[in-house]
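Here is protein.txt, consisting of compact mmCIF, N, CA, C and O atoms:
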```
# COMPACT_ATOMS: atom_id res chain seq x y z
N MET K 1 286.55 128.43 58.79
CA MET K 1 286.87 127.13 58.26
C MET K 1 288.21 126.65 58.79
O MET K 1 288.36 125.48 59.09
N LEU K 2 289.16 127.52 58.95
CA LEU K 2 290.48 127.14 59.44
C LEU K 2 290.42 126.71 60.90
O LEU K 2 291.12 125.79 61.31
N GLN K 3 289.57 127.32 61.69
CA GLN K 3 289.45 126.97 63.09
C GLN K 3 288.83 125.59 63.28
O GLN K 3 289.11 124.91 64.26
N ALA K 4 287.99 125.17 62.39
CA ALA K 4 287.33 123.89 62.53
C ALA K 4 288.31 122.72 62.38
O ALA K 4 288.09 121.64 62.91
N SER K 5 289.42 122.92 61.69
CA SER K 5 290.37 121.82 61.48
C SER K 5 291.57 121.90 62.41
O SER K 5 292.47 121.08 62.31
N SER K 6 291.62 122.86 63.32
CA SER K 6 292.77 122.96 64.23
C SER K 6 292.63 121.94 65.36
O SER K 6 291.52 121.61 65.78
N PRO K 7 293.75 121.41 65.85
CA PRO K 7 293.67 120.39 66.90
C PRO K 7 293.19 120.99 68.22
O PRO K 7 293.44 122.13 68.54
N VAL K 8 292.51 120.17 68.96
CA VAL K 8 292.04 120.58 70.29
C VAL K 8 293.09 120.17 71.29
O VAL K 8 293.53 119.03 71.32
N LEU K 9 293.50 121.09 72.12
CA LEU K 9 294.56 120.83 73.08
C LEU K 9 293.98 120.80 74.50
O LEU K 9 294.31 121.62 75.34
N ALA K 10 293.14 119.82 74.76
CA ALA K 10 292.55 119.69 76.08
C ALA K 10 293.40 118.74 76.92
O ALA K 10 293.97 117.78 76.42
N ASP K 11 293.49 119.01 78.21
CA ASP K 11 294.23 118.13 79.11
C ASP K 11 293.33 116.99 79.55
O ASP K 11 292.20 117.19 79.99
N LEU K 12 293.85 115.79 79.43
CA LEU K 12 293.12 114.63 79.92
C LEU K 12 293.33 114.50 81.43
O LEU K 12 294.38 114.87 81.95
N PRO K 13 292.35 113.96 82.13
CA PRO K 13 292.54 113.79 83.57
C PRO K 13 293.60 112.72 83.83
O PRO K 13 293.80 111.81 83.04
N THR K 14 294.26 112.86 84.94
CA THR K 14 295.28 111.88 85.29
C THR K 14 294.62 110.61 85.83
O THR K 14 293.53 110.66 86.41
N VAL K 15 295.27 109.49 85.64
CA VAL K 15 294.76 108.21 86.13
C VAL K 15 295.01 108.14 87.62
O VAL K 15 296.12 108.41 88.10
N GLU K 16 293.96 107.80 88.36
CA GLU K 16 294.12 107.71 89.81
C GLU K 16 294.92 106.48 90.17
O GLU K 16 294.69 105.40 89.62
N PRO K 17 295.86 106.63 91.10
CA PRO K 17 296.62 105.45 91.52
C PRO K 17 295.74 104.54 92.39
O PRO K 17 294.73 104.98 92.94
N PRO K 18 296.12 103.28 92.54
CA PRO K 18 295.34 102.40 93.39
C PRO K 18 295.37 102.87 94.84
O PRO K 18 296.34 103.51 95.28
N SER K 19 294.33 102.55 95.59
CA SER K 19 294.23 103.05 96.96
C SER K 19 295.25 102.41 97.88
O SER K 19 295.60 102.97 98.91
N SER K 20 295.75 101.24 97.52
CA SER K 20 296.70 100.56 98.40
C SER K 20 298.15 100.94 98.10
O SER K 20 299.06 100.39 98.67
N GLY K 21 298.37 101.88 97.23
CA GLY K 21 299.72 102.31 96.91
C GLY K 21 300.37 101.38 95.90
O GLY K 21 300.13 101.47 94.72
N GLY K 22 301.17 100.46 96.39
CA GLY K 22 301.79 99.48 95.52
C GLY K 22 303.17 99.86 95.05
O GLY K 22 303.92 99.02 94.61
N GLY K 23 303.53 101.12 95.10
CA GLY K 23 304.85 101.53 94.65
C GLY K 23 304.77 102.40 93.42
O GLY K 23 303.71 102.77 92.95
N SER K 24 305.94 102.71 92.88
CA SER K 24 305.97 103.58 91.71
C SER K 24 306.20 102.76 90.46
O SER K 24 306.64 101.62 90.51
N GLY K 25 305.90 103.33 89.35
CA GLY K 25 306.09 102.66 88.08
C GLY K 25 304.92 101.76 87.72
O GLY K 25 303.95 101.62 88.47
N LEU K 26 305.03 101.15 86.55
CA LEU K 26 303.96 100.31 86.04
C LEU K 26 303.75 99.07 86.89
O LEU K 26 302.62 98.71 87.22
N MET K 27 304.83 98.41 87.30
CA MET K 27 304.70 97.20 88.11
C MET K 27 304.11 97.53 89.48
O MET K 27 303.35 96.74 90.05
N GLY K 28 304.44 98.68 90.02
CA GLY K 28 303.87 99.09 91.30
C GLY K 28 302.37 99.33 91.20
O GLY K 28 301.62 98.96 92.11
N GLN K 29 301.95 99.94 90.10
CA GLN K 29 300.52 100.16 89.90
C GLN K 29 299.79 98.83 89.71
O GLN K 29 298.70 98.63 90.24
N ILE K 30 300.38 97.91 88.96
CA ILE K 30 299.76 96.60 88.76
C ILE K 30 299.63 95.89 90.10
O ILE K 30 298.60 95.30 90.41
N LYS K 31 300.68 95.96 90.93
CA LYS K 31 300.63 95.34 92.26
C LYS K 31 299.54 95.99 93.11
O LYS K 31 298.80 95.29 93.81
N GLY K 32 299.42 97.30 93.05
CA GLY K 32 298.38 98.00 93.82
C GLY K 32 296.98 97.62 93.37
O GLY K 32 296.10 97.39 94.20
N TYR K 33 296.77 97.55 92.06
CA TYR K 33 295.45 97.17 91.56
C TYR K 33 295.13 95.71 91.91
O TYR K 33 293.99 95.36 92.19
N LEU K 34 296.14 94.84 91.90
CA LEU K 34 295.94 93.45 92.29
C LEU K 34 295.55 93.36 93.76
O LEU K 34 294.65 92.60 94.12
N GLN K 35 296.21 94.14 94.60
CA GLN K 35 295.87 94.15 96.03
C GLN K 35 294.44 94.65 96.24
O GLN K 35 293.68 94.08 97.04
N ASP K 36 294.07 95.71 95.54
CA ASP K 36 292.70 96.22 95.65
C ASP K 36 291.69 95.18 95.18
O ASP K 36 290.62 95.01 95.77
N GLY K 37 292.02 94.47 94.10
CA GLY K 37 291.13 93.43 93.59
C GLY K 37 290.95 92.29 94.58
O GLY K 37 289.85 91.75 94.74
N LEU K 38 292.02 91.91 95.29
CA LEU K 38 291.92 90.86 96.29
C LEU K 38 291.03 91.29 97.46
O LEU K 38 290.24 90.49 97.97
N VAL K 39 291.14 92.54 97.87
CA VAL K 39 290.29 93.04 98.96
C VAL K 39 288.83 93.06 98.52
O VAL K 39 287.93 92.65 99.26
N ILE K 40 288.57 93.50 97.29
CA ILE K 40 287.19 93.51 96.78
C ILE K 40 286.67 92.08 96.67
O ILE K 40 285.50 91.81 96.99
N GLY K 41 287.51 91.15 96.24
CA GLY K 41 287.11 89.74 96.18
C GLY K 41 286.73 89.21 97.56
O GLY K 41 285.75 88.46 97.69
N GLY K 42 287.48 89.59 98.58
CA GLY K 42 287.13 89.19 99.94
C GLY K 42 285.81 89.77 100.39
O GLY K 42 285.02 89.11 101.07
N LEU K 43 285.54 91.00 100.02
CA LEU K 43 284.25 91.61 100.36
C LEU K 43 283.10 90.92 99.65
O LEU K 43 282.01 90.76 100.21
N VAL K 44 283.33 90.47 98.43
CA VAL K 44 282.30 89.72 97.70
C VAL K 44 282.02 88.39 98.40
O VAL K 44 280.87 87.98 98.55
N VAL K 45 283.09 87.71 98.85
CA VAL K 45 282.91 86.46 99.59
C VAL K 45 282.12 86.70 100.87
O VAL K 45 281.22 85.92 101.22
N ALA K 46 282.41 87.79 101.58
CA ALA K 46 281.68 88.11 102.80
C ALA K 46 280.21 88.41 102.49
O ALA K 46 279.31 88.00 103.25
N ALA K 47 279.94 89.09 101.39
CA ALA K 47 278.55 89.38 101.01
C ALA K 47 277.80 88.09 100.66
O ALA K 47 276.63 87.92 101.03
N ILE K 48 278.46 87.18 99.96
CA ILE K 48 277.82 85.90 99.62
C ILE K 48 277.54 85.10 100.88
O ILE K 48 276.47 84.48 101.01
N ALA K 49 278.48 85.12 101.83
CA ALA K 49 278.26 84.41 103.10
C ALA K 49 277.08 85.01 103.84
O ALA K 49 276.25 84.28 104.42
N PHE K 50 276.96 86.34 103.85
CA PHE K 50 275.83 86.98 104.52
C PHE K 50 274.51 86.57 103.86
O PHE K 50 273.53 86.26 104.56
N LEU K 51 274.48 86.53 102.55
CA LEU K 51 273.25 86.14 101.86
C LEU K 51 272.90 84.68 102.14
O LEU K 51 271.71 84.35 102.30
N ASN K 52 273.91 83.81 102.23
CA ASN K 52 273.64 82.41 102.54
C ASN K 52 273.10 82.25 103.96
O ASN K 52 272.18 81.46 104.19
N VAL K 53 273.65 82.98 104.91
CA VAL K 53 273.16 82.92 106.28
C VAL K 53 271.73 83.44 106.35
O VAL K 53 270.86 82.84 107.00
N ALA K 54 271.45 84.54 105.68
CA ALA K 54 270.11 85.11 105.70
C ALA K 54 269.10 84.17 105.04
O ALA K 54 267.99 83.97 105.56
N THR K 55 269.47 83.56 103.93
CA THR K 55 268.58 82.61 103.25
C THR K 55 268.30 81.39 104.13
O THR K 55 267.16 80.95 104.24
N SER K 56 269.34 80.89 104.77
CA SER K 56 269.17 79.74 105.66
C SER K 56 268.28 80.09 106.85
O SER K 56 267.42 79.29 107.25
N ALA K 57 268.47 81.26 107.41
CA ALA K 57 267.64 81.69 108.55
C ALA K 57 266.18 81.84 108.12
O ALA K 57 265.27 81.42 108.85
N LEU K 58 265.93 82.43 106.98
CA LEU K 58 264.55 82.58 106.51
C LEU K 58 263.91 81.23 106.21
O LEU K 58 262.73 81.01 106.54
N HIS K 59 264.67 80.33 105.62
CA HIS K 59 264.15 79.00 105.33
C HIS K 59 263.80 78.26 106.62
O HIS K 59 262.75 77.62 106.72
N THR K 60 264.67 78.35 107.61
CA THR K 60 264.41 77.71 108.89
C THR K 60 263.23 78.36 109.60
O THR K 60 262.42 77.67 110.24
N PHE K 61 263.09 79.67 109.48
CA PHE K 61 261.96 80.36 110.09
C PHE K 61 260.64 79.87 109.47
O PHE K 61 259.65 79.66 110.19
N VAL K 62 260.63 79.69 108.17
CA VAL K 62 259.43 79.16 107.51
C VAL K 62 259.13 77.76 108.00
O VAL K 62 257.96 77.40 108.24
N GLU K 63 260.17 76.94 108.19
CA GLU K 63 259.96 75.60 108.73
C GLU K 63 259.40 75.64 110.14
O GLU K 63 258.55 74.83 110.51
N VAL K 64 259.87 76.58 110.96
CA VAL K 64 259.35 76.73 112.32
C VAL K 64 257.89 77.15 112.28
O VAL K 64 257.06 76.62 113.04
N ARG K 65 257.56 78.06 111.40
CA ARG K 65 256.15 78.51 111.30
C ARG K 65 255.24 77.39 110.84
O ARG K 65 254.08 77.33 111.23
N ASN K 66 255.76 76.48 110.01
CA ASN K 66 254.96 75.34 109.54
C ASN K 66 255.08 74.14 110.47
O ASN K 66 254.63 73.05 110.12
N GLU K 67 255.71 74.33 111.62
CA GLU K 67 255.88 73.31 112.67
C GLU K 67 256.64 72.08 112.19
O GLU K 67 256.38 70.96 112.61
N ARG K 68 257.60 72.27 111.30
CA ARG K 68 258.47 71.18 110.86
C ARG K 68 259.84 71.27 111.51
O ARG K 68 260.65 70.37 111.37
N ALA K 69 260.13 72.37 112.20
CA ALA K 69 261.40 72.55 112.90
C ALA K 69 261.13 73.27 114.22
O ALA K 69 260.05 73.82 114.43
N SER K 70 262.12 73.24 115.09
CA SER K 70 261.94 73.88 116.41
C SER K 70 262.63 75.24 116.44
O SER K 70 263.45 75.57 115.59
N TRP K 71 262.27 76.01 117.45
CA TRP K 71 262.89 77.32 117.64
C TRP K 71 264.37 77.16 118.00
O TRP K 71 265.18 78.05 117.74
N THR K 72 264.71 76.02 118.60
CA THR K 72 266.11 75.76 118.94
C THR K 72 266.96 75.69 117.67
O THR K 72 268.07 76.23 117.63
N LYS K 73 266.45 75.03 116.66
CA LYS K 73 267.18 74.94 115.38
C LYS K 73 267.33 76.33 114.77
O LYS K 73 268.40 76.67 114.26
N PHE K 74 266.26 77.12 114.84
CA PHE K 74 266.33 78.48 114.29
C PHE K 74 267.37 79.31 115.04
O PHE K 74 268.19 80.00 114.42
N GLY K 75 267.37 79.23 116.37
CA GLY K 75 268.36 79.96 117.16
C GLY K 75 269.77 79.50 116.87
O GLY K 75 270.70 80.33 116.81
N ALA K 76 269.96 78.20 116.69
CA ALA K 76 271.29 77.68 116.37
C ALA K 76 271.77 78.20 115.02
O ALA K 76 272.95 78.54 114.85
N ILE K 77 270.86 78.24 114.04
CA ILE K 77 271.23 78.77 112.72
C ILE K 77 271.67 80.23 112.83
O ILE K 77 272.67 80.64 112.24
N ILE K 78 270.93 81.01 113.61
CA ILE K 78 271.27 82.43 113.78
C ILE K 78 272.62 82.59 114.47
O ILE K 78 273.48 83.35 114.01
N VAL K 79 272.84 81.86 115.57
CA VAL K 79 274.09 82.00 116.32
C VAL K 79 275.29 81.56 115.48
O VAL K 79 276.30 82.26 115.40
N VAL K 80 275.17 80.40 114.84
CA VAL K 80 276.28 79.91 114.02
C VAL K 80 276.52 80.85 112.84
O VAL K 80 277.67 81.12 112.46
N GLY K 81 275.45 81.38 112.25
CA GLY K 81 275.60 82.31 111.14
C GLY K 81 276.30 83.59 111.54
O GLY K 81 277.18 84.09 110.82
N VAL K 82 275.94 84.13 112.69
CA VAL K 82 276.59 85.36 113.16
C VAL K 82 278.06 85.10 113.46
O VAL K 82 278.93 85.91 113.09
N VAL K 83 278.36 83.98 114.10
CA VAL K 83 279.77 83.64 114.38
C VAL K 83 280.54 83.48 113.07
O VAL K 83 281.68 83.96 112.94
N LEU K 84 279.94 82.83 112.10
CA LEU K 84 280.58 82.67 110.79
C LEU K 84 280.85 84.02 110.13
O LEU K 84 281.95 84.25 109.62
N LEU K 85 279.88 84.91 110.16
CA LEU K 85 280.07 86.22 109.53
C LEU K 85 281.13 87.04 110.24
O LEU K 85 281.95 87.70 109.60
N VAL K 86 281.14 86.99 111.57
CA VAL K 86 282.17 87.73 112.32
C VAL K 86 283.55 87.17 112.00
O VAL K 86 284.50 87.94 111.80
N ALA K 87 283.66 85.84 111.93
CA ALA K 87 284.96 85.24 111.60
C ALA K 87 285.41 85.63 110.20
O ALA K 87 286.59 85.95 109.99
N ILE K 88 284.49 85.63 109.25
CA ILE K 88 284.85 86.00 107.87
C ILE K 88 285.30 87.46 107.81
O ILE K 88 286.32 87.78 107.19
N LEU K 89 284.57 88.34 108.46
CA LEU K 89 284.95 89.76 108.43
C LEU K 89 286.26 90.01 109.16
O LEU K 89 287.08 90.83 108.73
N TRP K 90 286.48 89.30 110.27
CA TRP K 90 287.75 89.44 110.99
C TRP K 90 288.91 88.98 110.14
O TRP K 90 289.94 89.65 110.04
N LEU K 91 288.75 87.81 109.50
CA LEU K 91 289.81 87.30 108.64
C LEU K 91 290.05 88.21 107.43
O LEU K 91 291.18 88.39 106.98
N LEU K 92 288.97 88.79 106.91
CA LEU K 92 289.11 89.72 105.79
C LEU K 92 289.91 90.95 106.21
O LEU K 92 290.79 91.42 105.48
N GLY K 93 289.62 91.47 107.39
CA GLY K 93 290.38 92.63 107.89
C GLY K 93 291.84 92.31 108.10
O GLY K 93 292.73 93.09 107.76
N LYS K 94 292.12 91.12 108.66
CA LYS K 94 293.51 90.72 108.87
C LYS K 94 294.23 90.54 107.54
O LYS K 94 295.38 90.97 107.38
N SER K 95 293.58 89.89 106.58
CA SER K 95 294.24 89.66 105.29
C SER K 95 294.45 90.96 104.54
O SER K 95 295.45 91.13 103.84
N ALA K 96 293.50 91.90 104.66
CA ALA K 96 293.66 93.19 103.97
C ALA K 96 294.86 93.95 104.53
O ALA K 96 295.60 94.58 103.78
N SER K 97 295.05 93.88 105.86
CA SER K 97 296.20 94.59 106.42
C SER K 97 297.51 93.90 106.07
O SER K 97 298.55 94.55 105.97
N ILE K 98 297.49 92.59 105.86
CA ILE K 98 298.69 91.87 105.46
C ILE K 98 299.01 92.15 103.99
O ILE K 98 300.17 92.39 103.62
N ILE K 99 297.98 92.13 103.14
CA ILE K 99 298.19 92.34 101.70
C ILE K 99 298.64 93.76 101.42
O ILE K 99 299.54 93.99 100.62
N ILE K 100 298.03 94.72 102.09
CA ILE K 100 298.35 96.13 101.84
C ILE K 100 299.56 96.47 102.63
O ILE K 100 300.57 96.78 102.42
```

Before we go any further, please render this structure as structure tokens.
Amino acid sequence: MLQASSPVLADLPTVEPPSSGGGSGLMGQIKGYLQDGLVIGGLVVAAIAFLNVATSALHTFVEVRNERASWTKFGAIIVVGVVLLVAILWLLGKSASIII
């Protein structure tokens, strides 16, 4: 009965610091988590851009199959979409290195 009421002295795991560092102390951790959040936000924007390009390409492909659009339009959508995605990923990489 006495053992059931004794306190448990287990060690809690330590909190992992943010991957971008940020410095020491509470403000440093907040800065690090904010930097990580901005990078994740950029990745979400890139994923949304990819989905928009893919949706547009599929929609144009359906129009080409139904003979309402030409293959030239489909090719232009693909080329512009790829250039857009490369530009977004390049800018994301540059901004991540600046933020971190």

(message) Using only N, CA, C and O atoms for the distances, tell me which of K:Leu38, K:His59, K:Gln29, K:Ala87 is nearest to Glu16 in chain K.
(response)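 Looking only at the distances to Glu16 in chain K, the closest residue turns out to be K:Gln29.
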
All file atoms of range 53-64 of chain K boxed axis-aligned, 6 Å per side, centre plus edges, as lines of an AutoDock Vina configuration file:
```
center_x = 265.4
center_y = 80.0
center_z = 108.1
size_x = 28.6
size_y = 22.3
size_z = 21.8
```

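From CA of Leu84 in chain K back to CA of Ser97 in chain K, the distance works out to 20.1 Å.
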
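Reported to one decimal place, the separation of CA of Ile30 in chain K from atom C of Ala10 in chain K is 25.9 Å.
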
(request) Rank K:Leu51, K:Ala46, K:Trp90, K:Ala57 by their smallest atom-to-atom distance to Phe74 in chain K, using all atoms listed in the file, and report the top residue only. (result)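 Ranked by minimum distance to Phe74 in chain K, first place goes to K:Ala57.
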
(request) Enumerate, as a ChimeraX atom specification, the complete set of residues in chain K that a backbone-based DSSP assignment places in helix (DSSP H, G or I). (result) /K:3-5,25-65,71-99

(request) Can you pull out every residue within 8 Å of Lys31 in chain K, counting only N, CA, C and O atoms, but drop anything in the same chain fewer than 3 positions away, and send it as a VMD selection string? (result) chain K and resid 18 20 to 23 25 to 28 34 to 38 99

(message) Considering only C-alpha atoms, can you say which of K:Ile40, K:Val15, K:Ala49, K:Leu9 comes closest to Ile88 in chain K?
(response)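 For Ile88 in chain K, the nearest of the candidates is K:Ala49.
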
(request) For atom C of Val82 in chain K and atom O of Ile48 in chain K, determine how far apart the two atoms are, in Å to one decimal place. (result)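 If I compute the distance from atom C of Val82 in chain K to atom O of Ile48 in chain K, I get 12.6 Å.
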
(request) Pick out the closest residue to Lys73 in chain K from this set: K:Thr14, K:Leu85, K:Val45, K:Ser56. Count all atoms listed in the file. (result)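 Checking each candidate against Lys73 in chain K, we get K:Ser56 as the closest.
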